[in-house]
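Notes for the one structure printed next.
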Amino acid sequence: MIKKILKWLSVFVLAYAMLFVAVFAGQMLIAELRDPDAGLVDKTEEQKANRRTETAAIVESVRNIVTRERTPQYQRDAHSKAHGCVRATFEVFESQSRYNHGIFKEPGKYQAWIRFSNGSVPAVVDTKKDARGMAIKVMNVPGEQLLPPLLAGKTQDFVMINSPAFFIRSTADYRVLEKAVEIGQPFTYFFGEHFINPFEWRLRQLYIALGTRKKAPATPLSDQYYSMTPYKLGPHQMKYSAKSCEDYQAPGIDTTAPNFLRAAMKKLLSEQDACFQFLVQLRKPGARMPIEDPTVEWSEKDSPFVPIARVHIPKQSFDTAAQNDMCEAMSFNVWHAVKGLEPLSHFNQLRREVYLHTAAYRRVRNDMHATEPNSWCDSLEQYCAGNTQ
């Protein structure tokens, strides 16, 4: 009797495994054959109204997650664990005219802040696989801002993670994910409520999501980061990336420690400067380079990344109470931008609302008062007297 039960159980497990493989292969094939942007553009008033409803629901879920995960400080809903905010300069090169739009219109050098982070919420130790983030705030940027005057400063934000594609395809999918995270069951997004209905599985998205969870680099300064979503570059469309100038190491750091990435960056910048190439990838007409679907990586064979700016991070001491507090109060939003570099896609529209609402929500509850800075001095008084070490 036991042998029969085990036999049928093994048959069931094998059949289910084959079903899993078939569903995954089918979803990957469908994604390759379909128009990546199909169904992602609102064409009717009803679709626009549904999008607004979904966005409002996502904002509410995010607020609930931020409230639940407070420590007791209200943190970001994503990338809550910072490795630190560092001073940098953002230098725009003289380049071909097709790149000369927005902040890249003319050569110049700007002061900037960069926040490096882990992706998971709640925060995990650095030894675990995770997405890593790099957010750049370039200050005192000329040009007309995209946000209204009460929200805009004179900044240009570039927000990136260390993977070129995202695992959420649509606003509707994002709403399902946030609801699953809100109730503490994030894997139901990928497998459905009961895990047994293959029509509820999102195995392609799971595959991409697992790809974003990577082993930590030697330091946050040693990686390459990507925008994932597209932006205007004047009349063109682009994605952007920041690539470490070299494979920086921090020998002597205990890489089994829970916060070793902060320690590694602290050690490295106490001894030397670091830098990143800032790259743009122009969209090639006719190539499979969708605007709306962030799950599709733009091929570098069709259009390579081209360096048009340099991020220089000087030798410095950044791990102070005042600078860490400033780092937490600061918000990064792809809509802190000037005309010519407008965010594209429904996903970036969603980010506008979620980022603005989340930043305001946590600042009020943390009793933080922060405006968009125009310089390092605007951010911290210690940099107003020329003391930049």
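Ligands are numbered from 1 in the order shown, residues from 1 within each chain, and chains are lettered A, B, ... in the order they appear in the structure tokens.
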For this session: Run DSSP on the backbone of this structure and report the residues of segment 273-357 of chain A it assigns to strand (DSSP E), as number ranges by chain.
Result: A: 274-282, 306-313
Output C-alpha atoms of each residue in that selection to a file, as an mmCIF file, in the first residue's frame.
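Final output, saved to out_10.cif:
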```cif
data_model
loop_
_atom_site.group_PDB
_atom_site.id
_atom_site.type_symbol
_atom_site.label_atom_id
_atom_site.label_comp_id
_atom_site.auth_asym_id
_atom_site.auth_seq_id
_atom_site.Cartn_x
_atom_site.Cartn_y
_atom_site.Cartn_z
ATOM 1 C CA ALA A 274 36.325 56.585 -7.286
ATOM 2 C CA CYS A 275 34.379 57.232 -10.465
ATOM 3 C CA PHE A 276 31.639 55.995 -12.785
ATOM 4 C CA GLN A 277 31.104 56.424 -16.494
ATOM 5 C CA PHE A 278 27.615 57.756 -17.176
ATOM 6 C CA LEU A 279 26.295 56.085 -20.329
ATOM 7 C CA VAL A 280 23.253 56.429 -22.561
ATOM 8 C CA GLN A 281 21.732 53.873 -24.929
ATOM 9 C CA LEU A 282 19.659 55.355 -27.749
ATOM 10 C CA VAL A 306 27.857 55.515 -25.075
ATOM 11 C CA PRO A 307 29.661 57.539 -22.354
ATOM 12 C CA ILE A 308 28.553 61.185 -22.244
ATOM 13 C CA ALA A 309 29.379 62.139 -18.636
ATOM 14 C CA ARG A 310 31.597 61.178 -15.723
ATOM 15 C CA VAL A 311 30.711 60.826 -12.058
ATOM 16 C CA HIS A 312 33.680 61.604 -9.801
ATOM 17 C CA ILE A 313 33.496 60.614 -6.117
#
```
Exercise. If you count only C-alpha atoms, which residues fall within 9 Å of segment 80-96 of chain A, apart from same-chain ones fewer than 4 positions away, as a ChimeraX atom specification?
Worked result: /A:75-76,100,103-124,133,136,138,220,259-263,265-266,275,278,307-314,316-319,323-324,326-328,376,388
Exercise. Quick one: DSSP helix (DSSP H, G or I) residues in segment 105-245 of chain A, as a PyMOL selection string?
Worked result: chain A and resi 171-182+188-191+198-200+203-212+220-222
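When the distance limit is 9 Å and only C-alpha atoms are what count, the residues near Pro235 of chain A, minus those fewer than 2 positions from it on the same chain, are Arg98, His101, Lys232, Leu233, Gln237 and Gly340 of chain A.
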Go ahead and save the residues from that selection, with N, CA and C atoms, as a PDB file, in the first residue's frame.
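Resulting contents of again_32.pdb:
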```
ATOM      1  N   ARG A  98      23.413  64.993 -31.094  1.00  0.00           N
ATOM      2  CA  ARG A  98      22.203  64.237 -30.796  1.00  0.00           C
ATOM      3  C   ARG A  98      22.059  63.944 -29.301  1.00  0.00           C
ATOM      4  N   HIS A 101      20.924  67.460 -24.947  1.00  0.00           N
ATOM      5  CA  HIS A 101      19.584  67.820 -24.489  1.00  0.00           C
ATOM      6  C   HIS A 101      19.533  67.745 -22.966  1.00  0.00           C
ATOM      7  N   LYS A 232      13.160  60.388 -22.502  1.00  0.00           N
ATOM      8  CA  LYS A 232      13.461  61.186 -23.682  1.00  0.00           C
ATOM      9  C   LYS A 232      14.893  61.696 -23.599  1.00  0.00           C
ATOM     10  N   LEU A 233      15.495  61.851 -24.732  1.00  0.00           N
ATOM     11  CA  LEU A 233      16.739  62.594 -24.871  1.00  0.00           C
ATOM     12  C   LEU A 233      16.517  63.511 -26.062  1.00  0.00           C
ATOM     13  N   GLN A 237      14.775  58.545 -27.767  1.00  0.00           N
ATOM     14  CA  GLN A 237      14.441  57.822 -26.541  1.00  0.00           C
ATOM     15  C   GLN A 237      15.708  57.082 -26.094  1.00  0.00           C
ATOM     16  N   GLY A 340      13.468  67.867 -21.824  1.00  0.00           N
ATOM     17  CA  GLY A 340      14.430  67.213 -22.695  1.00  0.00           C
ATOM     18  C   GLY A 340      14.816  65.844 -22.192  1.00  0.00           C
TER      19      GLY A 340
END
```
Exercise. Neighbours of segment 245-252 of chain A within 7 Å (only C-alpha atoms; same-chain residues fewer than 2 positions away dropped), as number ranges by chain?
Worked result: A: 218-219, 221-222, 243, 254, 264, 267-268, 275-277
Could you dump the residues just selected with C-alpha atoms as a PDB file, in the first residue's frame?
```
ATOM      1  CA  ALA A 218      33.160  44.018  -3.337  1.00  0.00           C
ATOM      2  CA  THR A 219      31.861  47.569  -2.735  1.00  0.00           C
ATOM      3  CA  LEU A 221      31.399  51.476  -6.095  1.00  0.00           C
ATOM      4  CA  SER A 222      32.327  48.356  -8.106  1.00  0.00           C
ATOM      5  CA  LYS A 243      29.387  51.854 -14.890  1.00  0.00           C
ATOM      6  CA  ASP A 254      34.964  41.173   6.714  1.00  0.00           C
ATOM      7  CA  ALA A 264      33.865  48.601   2.262  1.00  0.00           C
ATOM      8  CA  LYS A 267      37.387  52.140   3.694  1.00  0.00           C
ATOM      9  CA  LEU A 268      37.810  52.687  -0.034  1.00  0.00           C
ATOM     10  CA  CYS A 275      34.379  57.232 -10.465  1.00  0.00           C
ATOM     11  CA  PHE A 276      31.639  55.995 -12.785  1.00  0.00           C
ATOM     12  CA  GLN A 277      31.104  56.424 -16.494  1.00  0.00           C
TER      13      GLN A 277
END
```
Exercise. Which neighbours of Gly211 of chain A fall inside 9 Å, counting only C-alpha atoms, when residues of the same chain fewer than 3 positions from it are skipped, and could you give them as an MDAnalysis selection string?
Worked result: chainID A and resid 131 163 206:208 214
Write the residues you've just listed into a file as a PDB file, in the first residue's frame, and include C-alpha atoms for each of them.
```
ATOM      1  CA  ALA A 131      19.154  44.102  -5.834  1.00  0.00           C
ATOM      2  CA  SER A 163      19.955  44.963 -13.367  1.00  0.00           C
ATOM      3  CA  LEU A 206       9.886  35.158 -11.281  1.00  0.00           C
ATOM      4  CA  TYR A 207      12.846  34.317 -13.513  1.00  0.00           C
ATOM      5  CA  ILE A 208      13.582  38.029 -14.035  1.00  0.00           C
ATOM      6  CA  LYS A 214      22.668  39.115  -6.966  1.00  0.00           C
TER       7      LYS A 214
END
```
Restrict the calculation to only C-alpha atoms, then for each residue of segment 162-249 of chain A with any atom at most 9 Å from an atom of segment 30-49 of chain A give the closest atom pair and their distance in Å to one decimal, rows by chain and rising residue number, as a Markdown table.
```
| residue | atom | partner | partner_atom | distance |
| --- | --- | --- | --- | --- |
| A:Arg169 | CA | A:Leu40 | CA | 8.5 |
| A:Ser170 | CA | A:Leu40 | CA | 6.7 |
| A:Thr171 | CA | A:Leu40 | CA | 8.5 |
| A:Arg204 | CA | A:Ala31 | CA | 8.6 |
```
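Across the model, the gap from atom CA of Ala172 of chain A to atom CA of Leu146 of chain A is 25.5 Å.
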For this session: Enter the distance from atom CA of Gly192 of chain A to atom CA of Arg70 of chain A, in Å, rounded to one decimal.
Result: 27.5 Å
Sort by chain and increasing residue number a table of all residues of segment 175-279 of chain A within 12 Å of segment 346-362 of chain A, each with its closest pair of atoms and their distance in Å to one decimal, counting only C-alpha atoms, and write it as CSV.
```
residue,atom,partner,partner_atom,distance
A:Arg175,CA,A:Leu350,CA,10.6
A:Glu178,CA,A:Val354,CA,11.6
A:Ser227,CA,A:Asn348,CA,10.8
A:Met228,CA,A:Asn348,CA,10.3
A:Thr229,CA,A:Asn348,CA,7.3
A:Pro230,CA,A:Asn348,CA,8.5
A:Tyr231,CA,A:Asn348,CA,9.0
A:Lys232,CA,A:Asn348,CA,11.9
```
